[in-house]
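Peer 1: Got a file for you: target-v4.pdb, PDB, N, CA and C atoms.
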ATOM      1  N   MET A 623    -101.433 106.845  74.144
ATOM      2  CA  MET A 623    -100.941 105.740  73.340
ATOM      3  C   MET A 623     -99.433 105.616  73.558
ATOM      4  N   THR A 624     -98.953 104.396  73.754
ATOM      5  CA  THR A 624     -97.529 104.212  73.975
ATOM      6  C   THR A 624     -96.757 104.502  72.700
ATOM      7  N   THR A 625     -95.483 104.810  72.872
ATOM      8  CA  THR A 625     -94.625 105.113  71.727
ATOM      9  C   THR A 625     -94.561 103.948  70.759
ATOM     10  N   MET A 626     -94.559 102.720  71.302
ATOM     11  CA  MET A 626     -94.456 101.547  70.448
ATOM     12  C   MET A 626     -95.621 101.468  69.470
ATOM     13  N   LEU A 627     -96.806 101.857  69.908
ATOM     14  CA  LEU A 627     -97.979 101.728  69.057
ATOM     15  C   LEU A 627     -98.312 103.001  68.296
ATOM     16  N   LYS A 628     -97.675 104.096  68.635
ATOM     17  CA  LYS A 628     -97.954 105.354  67.953
ATOM     18  C   LYS A 628     -97.442 105.271  66.519
ATOM     19  N   LYS A 629     -98.314 105.532  65.593
ATOM     20  CA  LYS A 629     -97.958 105.451  64.178
ATOM     21  C   LYS A 629     -96.955 106.537  63.822
ATOM     22  N   LYS A 630     -95.924 106.143  63.110
ATOM     23  CA  LYS A 630     -94.934 107.092  62.622
ATOM     24  C   LYS A 630     -95.307 107.432  61.186
ATOM     25  N   ASP A 631     -95.336 108.696  60.859
ATOM     26  CA  ASP A 631     -95.698 109.132  59.509
ATOM     27  C   ASP A 631     -94.467 109.083  58.616
ATOM     28  N   TRP A 632     -94.301 107.944  57.947
ATOM     29  CA  TRP A 632     -93.125 107.767  57.097
ATOM     30  C   TRP A 632     -93.193 108.618  55.831
ATOM     31  N   SER A 633     -94.366 109.116  55.476
ATOM     32  CA  SER A 633     -94.469 109.955  54.276
ATOM     33  C   SER A 633     -93.732 111.268  54.468
ATOM     34  N   ALA A 634     -93.522 111.661  55.715
ATOM     35  CA  ALA A 634     -92.808 112.905  56.001
ATOM     36  C   ALA A 634     -91.291 112.709  55.918
ATOM     37  N   HIS A 635     -90.847 111.466  55.749
ATOM     38  CA  HIS A 635     -89.425 111.153  55.689
ATOM     39  C   HIS A 635     -89.091 110.564  54.329
ATOM     40  N   THR A 636     -87.970 110.962  53.783
ATOM     41  CA  THR A 636     -87.497 110.348  52.556
ATOM     42  C   THR A 636     -86.711 109.110  52.943
ATOM     43  N   ARG A 637     -87.212 107.961  52.541
ATOM     44  CA  ARG A 637     -86.510 106.724  52.871
ATOM     45  C   ARG A 637     -85.394 106.505  51.875
ATOM     46  N   ARG A 638     -84.311 105.959  52.406
ATOM     47  CA  ARG A 638     -83.172 105.619  51.553
ATOM     48  C   ARG A 638     -82.524 104.366  52.119
ATOM     49  N   ALA A 639     -81.829 103.660  51.267
ATOM     50  CA  ALA A 639     -81.087 102.492  51.724
ATOM     51  C   ALA A 639     -79.913 102.973  52.570
ATOM     52  N   LEU A 640     -79.742 102.342  53.713
ATOM     53  CA  LEU A 640     -78.625 102.693  54.581
ATOM     54  C   LEU A 640     -77.327 102.126  54.012
ATOM     55  N   THR A 641     -76.227 102.773  54.343
ATOM     56  CA  THR A 641     -74.915 102.265  53.929
ATOM     57  C   THR A 641     -74.544 101.085  54.808
ATOM     58  N   ALA A 642     -73.553 100.326  54.393
ATOM     59  CA  ALA A 642     -73.093  99.183  55.179
ATOM     60  C   ALA A 642     -72.660  99.629  56.574
ATOM     61  N   THR A 643     -71.977 100.755  56.675
ATOM     62  CA  THR A 643     -71.534 101.280  57.974
ATOM     63  C   THR A 643     -72.727 101.621  58.853
ATOM     64  N   GLU A 644     -73.750 102.235  58.284
ATOM     65  CA  GLU A 644     -74.949 102.583  59.045
ATOM     66  C   GLU A 644     -75.685 101.327  59.515
ATOM     67  N   ILE A 645     -75.730 100.318  58.672
ATOM     68  CA  ILE A 645     -76.399  99.067  59.039
ATOM     69  C   ILE A 645     -75.682  98.410  60.206
ATOM     70  N   VAL A 646     -74.367  98.320  60.134
ATOM     71  CA  VAL A 646     -73.592  97.704  61.216
ATOM     72  C   VAL A 646     -73.775  98.483  62.514
ATOM     73  N   ALA A 647     -73.749  99.805  62.439
ATOM     74  CA  ALA A 647     -73.931 100.636  63.636
ATOM     75  C   ALA A 647     -75.308 100.422  64.249
ATOM     76  N   ASN A 648     -76.339 100.332  63.420
ATOM     77  CA  ASN A 648     -77.697 100.125  63.915
ATOM     78  C   ASN A 648     -77.894  98.715  64.461
ATOM     79  N   LEU A 649     -77.276  97.723  63.838
ATOM     80  CA  LEU A 649     -77.383  96.348  64.338
ATOM     81  C   LEU A 649     -76.794  96.224  65.741
ATOM     82  N   ALA A 650     -75.769  97.004  66.025
ATOM     83  CA  ALA A 650     -75.137  96.972  67.348
ATOM     84  C   ALA A 650     -76.081  97.486  68.437
ATOM     85  N   LYS A 651     -77.116  98.208  68.054
ATOM     86  CA  LYS A 651     -78.052  98.803  69.009
ATOM     87  C   LYS A 651     -79.238  97.900  69.334
ATOM     88  N   ILE A 652     -79.446  96.845  68.549
ATOM     89  CA  ILE A 652     -80.598  95.961  68.764
ATOM     90  C   ILE A 652     -80.103  94.525  68.925
ATOM     91  N   GLU A 653     -80.501  93.923  70.030
ATOM     92  CA  GLU A 653     -80.014  92.596  70.387
ATOM     93  C   GLU A 653     -80.674  91.489  69.572
ATOM     94  N   GLY A 654     -79.831  90.572  69.079
ATOM     95  CA  GLY A 654     -80.345  89.365  68.440
ATOM     96  C   GLY A 654     -80.651  89.479  66.958
ATOM     97  N   TRP A 655     -80.538  90.655  66.400
ATOM     98  CA  TRP A 655     -80.814  90.845  64.981
ATOM     99  C   TRP A 655     -79.531  90.645  64.192
ATOM    100  N   SER A 656     -79.649  90.093  62.981
ATOM    101  CA  SER A 656     -78.479  89.877  62.137
ATOM    102  C   SER A 656     -78.814  90.220  60.693
ATOM    103  N   LEU A 657     -77.777  90.336  59.907
ATOM    104  CA  LEU A 657     -77.908  90.631  58.488
ATOM    105  C   LEU A 657     -78.152  89.332  57.736
ATOM    106  N   SER A 658     -79.034  89.376  56.746
ATOM    107  CA  SER A 658     -79.399  88.189  55.984
ATOM    108  C   SER A 658     -79.556  88.575  54.515
ATOM    109  N   GLY A 659     -79.123  87.715  53.615
ATOM    110  CA  GLY A 659     -79.311  87.952  52.186
ATOM    111  C   GLY A 659     -78.305  88.941  51.636
ATOM    112  N   ASP A 660     -78.499  89.283  50.359
ATOM    113  CA  ASP A 660     -77.618  90.264  49.720
ATOM    114  C   ASP A 660     -78.355  90.966  48.588
ATOM    115  N   GLY A 661     -77.743  92.005  48.070
ATOM    116  CA  GLY A 661     -78.359  92.784  46.999
ATOM    117  C   GLY A 661     -79.699  93.341  47.421
ATOM    118  N   ALA A 662     -80.673  93.295  46.534
ATOM    119  CA  ALA A 662     -82.011  93.822  46.818
ATOM    120  C   ALA A 662     -82.740  92.968  47.859
ATOM    121  N   GLN A 663     -82.226  91.758  48.134
ATOM    122  CA  GLN A 663     -82.850  90.859  49.115
ATOM    123  C   GLN A 663     -82.227  90.971  50.506
ATOM    124  N   VAL A 664     -81.314  91.908  50.696
ATOM    125  CA  VAL A 664     -80.691  92.065  52.007
ATOM    126  C   VAL A 664     -81.750  92.482  53.027
ATOM    127  N   ALA A 665     -81.617  91.948  54.239
ATOM    128  CA  ALA A 665     -82.603  92.222  55.275
ATOM    129  C   ALA A 665     -81.950  92.078  56.643
ATOM    130  N   ILE A 666     -82.661  92.551  57.653
ATOM    131  CA  ILE A 666     -82.285  92.222  59.016
ATOM    132  C   ILE A 666     -83.278  91.178  59.495
ATOM    133  N   GLU A 667     -82.800  90.279  60.342
ATOM    134  CA  GLU A 667     -83.605  89.121  60.700
ATOM    135  C   GLU A 667     -83.366  88.733  62.159
ATOM    136  N   LYS A 668     -84.422  88.266  62.803
ATOM    137  CA  LYS A 668     -84.311  87.776  64.181
ATOM    138  C   LYS A 668     -85.275  86.615  64.375
ATOM    139  N   THR A 669     -84.817  85.618  65.126
ATOM    140  CA  THR A 669     -85.669  84.496  65.499
ATOM    141  C   THR A 669     -86.082  84.672  66.954
ATOM    142  N   TYR A 670     -87.385  84.698  67.174
ATOM    143  CA  TYR A 670     -87.954  84.783  68.513
ATOM    144  C   TYR A 670     -88.415  83.380  68.906
ATOM    145  N   HIS A 671     -88.092  82.962  70.135
ATOM    146  CA  HIS A 671     -88.448  81.623  70.624
ATOM    147  C   HIS A 671     -89.524  81.733  71.700
ATOM    148  N   PHE A 672     -90.438  80.758  71.700
ATOM    149  CA  PHE A 672     -91.559  80.752  72.632
ATOM    150  C   PHE A 672     -91.749  79.362  73.220
ATOM    151  N   ALA A 673     -92.542  79.273  74.265
ATOM    152  CA  ALA A 673     -92.778  77.997  74.946
ATOM    153  C   ALA A 673     -93.732  77.096  74.177
ATOM    154  N   ASN A 674     -94.627  77.707  73.388
ATOM    155  CA  ASN A 674     -95.646  76.899  72.723
ATOM    156  C   ASN A 674     -96.253  77.671  71.547
ATOM    157  N   TYR A 675     -97.151  76.997  70.862
ATOM    158  CA  TYR A 675     -97.795  77.572  69.675
ATOM    159  C   TYR A 675     -98.631  78.800  70.023
ATOM    160  N   TYR A 676     -99.360  78.737  71.124
ATOM    161  CA  TYR A 676    -100.214  79.856  71.517
ATOM    162  C   TYR A 676     -99.390  81.132  71.717
ATOM    163  N   GLU A 677     -98.264  81.027  72.418
ATOM    164  CA  GLU A 677     -97.403  82.201  72.623
ATOM    165  C   GLU A 677     -96.847  82.709  71.294
ATOM    166  N   THR A 678     -96.477  81.790  70.421
ATOM    167  CA  THR A 678     -95.943  82.182  69.107
ATOM    168  C   THR A 678     -96.988  82.972  68.327
ATOM    169  N   ILE A 679     -98.191  82.453  68.255
ATOM    170  CA  ILE A 679     -99.249  83.114  67.484
ATOM    171  C   ILE A 679     -99.659  84.428  68.127
ATOM    172  N   SER A 680     -99.627  84.509  69.441
ATOM    173  CA  SER A 680     -99.921  85.770  70.119
ATOM    174  C   SER A 680     -98.904  86.834  69.707
ATOM    175  N   PHE A 681     -97.640  86.443  69.648
ATOM    176  CA  PHE A 681     -96.594  87.364  69.202
ATOM    177  C   PHE A 681     -96.818  87.772  67.745
ATOM    178  N   VAL A 682     -97.112  86.807  66.898
ATOM    179  CA  VAL A 682     -97.362  87.092  65.477
ATOM    180  C   VAL A 682     -98.508  88.096  65.326
ATOM    181  N   ASN A 683     -99.571  87.915  66.075
ATOM    182  CA  ASN A 683    -100.703  88.849  66.010
ATOM    183  C   ASN A 683    -100.293  90.245  66.470
ATOM    184  N   ALA A 684     -99.475  90.326  67.509
ATOM    185  CA  ALA A 684     -99.004  91.627  67.981
ATOM    186  C   ALA A 684     -98.098  92.288  66.941
ATOM    187  N   VAL A 685     -97.226  91.504  66.313
ATOM    188  CA  VAL A 685     -96.370  92.027  65.242
ATOM    189  C   VAL A 685     -97.235  92.560  64.103
ATOM    190  N   ALA A 686     -98.259  91.810  63.737
ATOM    191  CA  ALA A 686     -99.153  92.241  62.657
ATOM    192  C   ALA A 686     -99.824  93.564  62.996
ATOM    193  N   PHE A 687    -100.245  93.734  64.236
ATOM    194  CA  PHE A 687    -100.882  94.979  64.672
ATOM    195  C   PHE A 687     -99.916  96.154  64.550
ATOM    196  N   VAL A 688     -98.702  95.984  65.070
ATOM    197  CA  VAL A 688     -97.702  97.055  65.013
ATOM    198  C   VAL A 688     -97.305  97.330  63.567
ATOM    199  N   ALA A 689     -97.063  96.285  62.786
ATOM    200  CA  ALA A 689     -96.647  96.456  61.392
ATOM    201  C   ALA A 689     -97.708  97.205  60.593
ATOM    202  N   ASN A 690     -98.972  96.880  60.824
ATOM    203  CA  ASN A 690    -100.043  97.569  60.119
ATOM    204  C   ASN A 690    -100.098  99.041  60.510
ATOM    205  N   ALA A 691     -99.937  99.326  61.792
ATOM    206  CA  ALA A 691     -99.938 100.721  62.246
ATOM    207  C   ALA A 691     -98.777 101.501  61.641
ATOM    208  N   GLN A 692     -97.645 100.825  61.432
ATOM    209  CA  GLN A 692     -96.463 101.483  60.875
ATOM    210  C   GLN A 692     -96.447 101.453  59.343
ATOM    211  N   ASP A 693     -97.363 100.721  58.738
ATOM    212  CA  ASP A 693     -97.405 100.526  57.295
ATOM    213  C   ASP A 693     -96.056 100.018  56.775
ATOM    214  N   HIS A 694     -95.510  99.068  57.515
ATOM    215  CA  HIS A 694     -94.224  98.457  57.141
ATOM    216  C   HIS A 694     -94.289  96.998  57.588
ATOM    217  N   HIS A 695     -94.410  96.104  56.638
ATOM    218  CA  HIS A 695     -94.778  94.724  56.923
ATOM    219  C   HIS A 695     -93.601  93.771  56.722
ATOM    220  N   PRO A 696     -93.238  93.047  57.770
ATOM    221  CA  PRO A 696     -92.121  92.103  57.669
ATOM    222  C   PRO A 696     -92.540  90.797  57.018
ATOM    223  N   ASP A 697     -91.543  90.039  56.593
ATOM    224  CA  ASP A 697     -91.776  88.650  56.209
ATOM    225  C   ASP A 697     -91.695  87.843  57.497
ATOM    226  N   LEU A 698     -92.639  86.948  57.702
ATOM    227  CA  LEU A 698     -92.676  86.131  58.900
ATOM    228  C   LEU A 698     -92.623  84.659  58.523
ATOM    229  N   SER A 699     -91.847  83.905  59.273
ATOM    230  CA  SER A 699     -91.827  82.452  59.152
ATOM    231  C   SER A 699     -92.226  81.919  60.524
ATOM    232  N   VAL A 700     -93.351  81.210  60.565
ATOM    233  CA  VAL A 700     -93.932  80.804  61.842
ATOM    234  C   VAL A 700     -93.878  79.284  61.980
ATOM    235  N   GLN A 701     -93.300  78.833  63.089
ATOM    236  CA  GLN A 701     -93.287  77.424  63.455
ATOM    237  C   GLN A 701     -93.945  77.291  64.826
ATOM    238  N   PHE A 702     -94.029  76.070  65.319
ATOM    239  CA  PHE A 702     -94.717  75.797  66.586
ATOM    240  C   PHE A 702     -94.240  76.703  67.727
ATOM    241  N   ASN A 703     -92.934  76.807  67.921
ATOM    242  CA  ASN A 703     -92.412  77.540  69.078
ATOM    243  C   ASN A 703     -91.422  78.647  68.713
ATOM    244  N   ARG A 704     -91.505  79.138  67.485
ATOM    245  CA  ARG A 704     -90.616  80.232  67.088
ATOM    246  C   ARG A 704     -91.194  80.991  65.895
ATOM    247  N   CYS A 705     -90.711  82.208  65.768
ATOM    248  CA  CYS A 705     -91.105  83.056  64.638
ATOM    249  C   CYS A 705     -89.867  83.799  64.160
ATOM    250  N   VAL A 706     -89.583  83.692  62.885
ATOM    251  CA  VAL A 706     -88.489  84.443  62.289
ATOM    252  C   VAL A 706     -89.090  85.687  61.648
ATOM    253  N   VAL A 707     -88.563  86.842  62.030
ATOM    254  CA  VAL A 707     -89.019  88.123  61.493
ATOM    255  C   VAL A 707     -87.904  88.664  60.610
ATOM    256  N   ARG A 708     -88.276  89.013  59.389
ATOM    257  CA  ARG A 708     -87.297  89.507  58.403
ATOM    258  C   ARG A 708     -87.802  90.842  57.871
ATOM    259  N   LEU A 709     -86.950  91.861  57.967
ATOM    260  CA  LEU A 709     -87.330  93.219  57.548
ATOM    261  C   LEU A 709     -86.381  93.765  56.488
ATOM    262  N   ASN A 710     -86.953  94.327  55.453
ATOM    263  CA  ASN A 710     -86.227  95.178  54.513
ATOM    264  C   ASN A 710     -87.231  96.136  53.896
ATOM    265  N   THR A 711     -86.714  97.108  53.166
ATOM    266  CA  THR A 711     -87.585  98.119  52.576
ATOM    267  C   THR A 711     -87.538  97.953  51.065
ATOM    268  N   HIS A 712     -88.613  97.415  50.520
ATOM    269  CA  HIS A 712     -88.644  97.072  49.099
ATOM    270  C   HIS A 712     -88.445  98.285  48.196
ATOM    271  N   ASP A 713     -89.033  99.430  48.556
ATOM    272  CA  ASP A 713     -88.942 100.583  47.652
ATOM    273  C   ASP A 713     -87.556 101.207  47.596
ATOM    274  N   VAL A 714     -86.647 100.855  48.523
ATOM    275  CA  VAL A 714     -85.261 101.343  48.423
ATOM    276  C   VAL A 714     -84.319 100.192  48.081
ATOM    277  N   GLN A 715     -84.873  99.002  47.925
ATOM    278  CA  GLN A 715     -84.113  97.795  47.603
ATOM    279  C   GLN A 715     -82.951  97.587  48.569
ATOM    280  N   GLY A 716     -83.263  97.718  49.841
ATOM    281  CA  GLY A 716     -82.246  97.520  50.864
ATOM    282  C   GLY A 716     -82.844  97.681  52.243
ATOM    283  N   ILE A 717     -82.009  98.070  53.172
ATOM    284  CA  ILE A 717     -82.420  98.262  54.559
ATOM    285  C   ILE A 717     -82.464  99.749  54.836
ATOM    286  N   SER A 718     -83.556 100.190  55.445
ATOM    287  CA  SER A 718     -83.721 101.615  55.763
ATOM    288  C   SER A 718     -83.885 101.798  57.269
ATOM    289  N   ALA A 719     -83.940 103.039  57.698
ATOM    290  CA  ALA A 719     -84.182 103.360  59.105
ATOM    291  C   ALA A 719     -85.521 102.801  59.561
ATOM    292  N   THR A 720     -86.473 102.693  58.666
ATOM    293  CA  THR A 720     -87.790 102.138  58.983
ATOM    294  C   THR A 720     -87.669 100.715  59.514
ATOM    295  N   ASP A 721     -86.775  99.934  58.925
ATOM    296  CA  ASP A 721     -86.586  98.551  59.358
ATOM    297  C   ASP A 721     -86.091  98.495  60.798
ATOM    298  N   PHE A 722     -85.151  99.351  61.137
ATOM    299  CA  PHE A 722     -84.625  99.354  62.501
ATOM    300  C   PHE A 722     -85.656  99.890  63.492
ATOM    301  N   ASP A 723     -86.460 100.850  63.078
ATOM    302  CA  ASP A 723     -87.519 101.359  63.942
ATOM    303  C   ASP A 723     -88.516 100.239  64.255
ATOM    304  N   CYS A 724     -88.931  99.513  63.239
ATOM    305  CA  CYS A 724     -89.886  98.422  63.449
ATOM    306  C   CYS A 724     -89.258  97.290  64.263
ATOM    307  N   ALA A 725     -87.990  96.976  64.019
ATOM    308  CA  ALA A 725     -87.312  95.933  64.802
ATOM    309  C   ALA A 725     -87.355  96.274  66.289
ATOM    310  N   SER A 726     -87.098  97.504  66.626
ATOM    311  CA  SER A 726     -87.140  97.943  68.029
ATOM    312  C   SER A 726     -88.554  97.835  68.600
ATOM    313  N   ARG A 727     -89.538  98.163  67.803
ATOM    314  CA  ARG A 727     -90.938  98.052  68.246
ATOM    315  C   ARG A 727     -91.320  96.592  68.490
ATOM    316  N   PHE A 728     -90.864  95.687  67.620
ATOM    317  CA  PHE A 728     -91.177  94.276  67.793
ATOM    318  C   PHE A 728     -90.505  93.731  69.049
ATOM    319  N   ASP A 729     -89.254  94.137  69.289
ATOM    320  CA  ASP A 729     -88.558  93.711  70.514
ATOM    321  C   ASP A 729     -89.303  94.207  71.754
ATOM    322  N   ALA A 730     -89.840  95.417  71.676
ATOM    323  CA  ALA A 730     -90.543  96.002  72.823
ATOM    324  C   ALA A 730     -91.801  95.220  73.185
ATOM    325  N   LEU A 731     -92.323  94.450  72.259
ATOM    326  CA  LEU A 731     -93.509  93.633  72.558
ATOM    327  C   LEU A 731     -93.209  92.609  73.652
ATOM    328  N   LEU A 732     -91.950  92.214  73.759
ATOM    329  CA  LEU A 732     -91.580  91.190  74.730
ATOM    330  C   LEU A 732     -90.801  91.746  75.912
ATOM    331  N   ALA A 733     -90.654  93.039  75.961
ATOM    332  CA  ALA A 733     -89.878  93.659  77.059
ATOM    333  C   ALA A 733     -90.660  93.678  78.346
TER     334      ALA A 733
END
Can you dump the structure from the file as structure tokens?
Peer 2:
Amino acid sequence: MTTMLKKKDWSAHTRRALTATEIVANLAKIEGWSLSGDGAQVAIEKTYHFANYYETISFVNAVAFVANAQDHHPDLSVQFNRCVVRLNTHDVQGISATDFDCASRFDALLA
């Protein structure tokens, strides 16, 4: 099984909200992601663009598969030729390492 699809056991890790410095450092490591919202609604977000609806939905289905395996589900906004993926960790009311791990996995779907 590839690393992207291998389930990570988050129960073995104590999740915590990352500091602003940690968030900025992690954002620098992943292309196209940005900070969105504030307070408990803060998230990282990326818009993926596609040629058509079929490609968009194929990506959405792949994201759903990975998110389910990771037990970490993003908010998705789906249009004809694009999908906005928004990640935060509700139980820490902020952004955690889990969000950045999943962001990297979603990017790998198109690598």
Peer 1: One decimal, Å: what's the distance from atom C of Asp697 in chain A over to atom N of Ala684 in chain A, could you say?
Peer 2: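 Straight-line distance from atom C of Asp697 in chain A to atom N of Ala684 in chain A works out to 12.9 Å.
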Peer 1: Give me, as a list in words, all polymer residues having an atom no more than 9 Å from Asn703 in chain A, counting only C-alpha atoms and skipping those fewer than 3 positions away in the same chain.
Peer 2: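 Skipping anything fewer than 3 positions along the chain leaves Tyr670, His671, Phe672, Ala673, Asn674, Tyr675, Tyr676, Glu677, Thr678, Ile679 and Val700 of chain A.
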Peer 1: Could you state the separation of atom C of Ser680 in chain A and atom C of Leu732 in chain A in Å, given to one decimal place?
Peer 2: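 Interatomic distance, atom C of Ser680 in chain A to atom C of Leu732 in chain A: 11.3 Å.
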Peer 1: Hey, what comes out of the PyMOL selection byres (((chain A and resi 687 and name CA) around 12) and name CA) on this file? Could you write it as a PyMOL selection string?
Peer 2: chain A and resi 626-629+680-686+688-696+724+727-728+731
Peer 1: For the structure provided, state which residues fall under the PyMOL selection byres (((chain A and resi 711-713 and name CA) around 9) and name CA), and present them as a list in words.
Peer 2: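 In the shown coordinates, the PyMOL selection byres (((chain A and resi 711-713 and name CA) around 9) and name CA) covers Arg637, Arg638, Ala639, Ala662, Gln663, Ala665, His694, Leu709, Asn710, Val714, Gln715, Gly716, Ile717, Ser718, Thr720 and Asp721 of chain A.
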Peer 1: Work out how far apart atom N of Asp729 in chain A and CA of Lys651 in chain A are and give it in Å to one decimal.
Peer 2: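 So the two atoms, atom N of Asp729 in chain A and CA of Lys651 in chain A, lie 12.1 Å apart.
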Peer 1: Counting all atoms listed in the file, which residue out of A:Ile666, A:Leu649, A:Ala719, A:Ala733 sits closest to Val707 in chain A?
Peer 2: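 Selected residue with least distance to Val707 in chain A: A:Ile666.
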Peer 1: Ranking A:Arg704, A:Ser699, A:Ala642, A:Ala725 by minimum distance to Gly654 in chain A and counting only C-alpha atoms, which one comes first?
Peer 2: A:Ala725
Peer 1: Can you list, as a VMD selection string, every residue of chain A that DSSP puts in alpha helix (DSSP H)?
Peer 2: chain A and resid 642 to 649 675 to 692 719 to 730
Peer 1: Where in chain A does DSSP assign strand (DSSP E or B), given as a PyMOL selection string?
Peer 2: chain A and resi 656-658+665-671+697-701+704-709+711+716
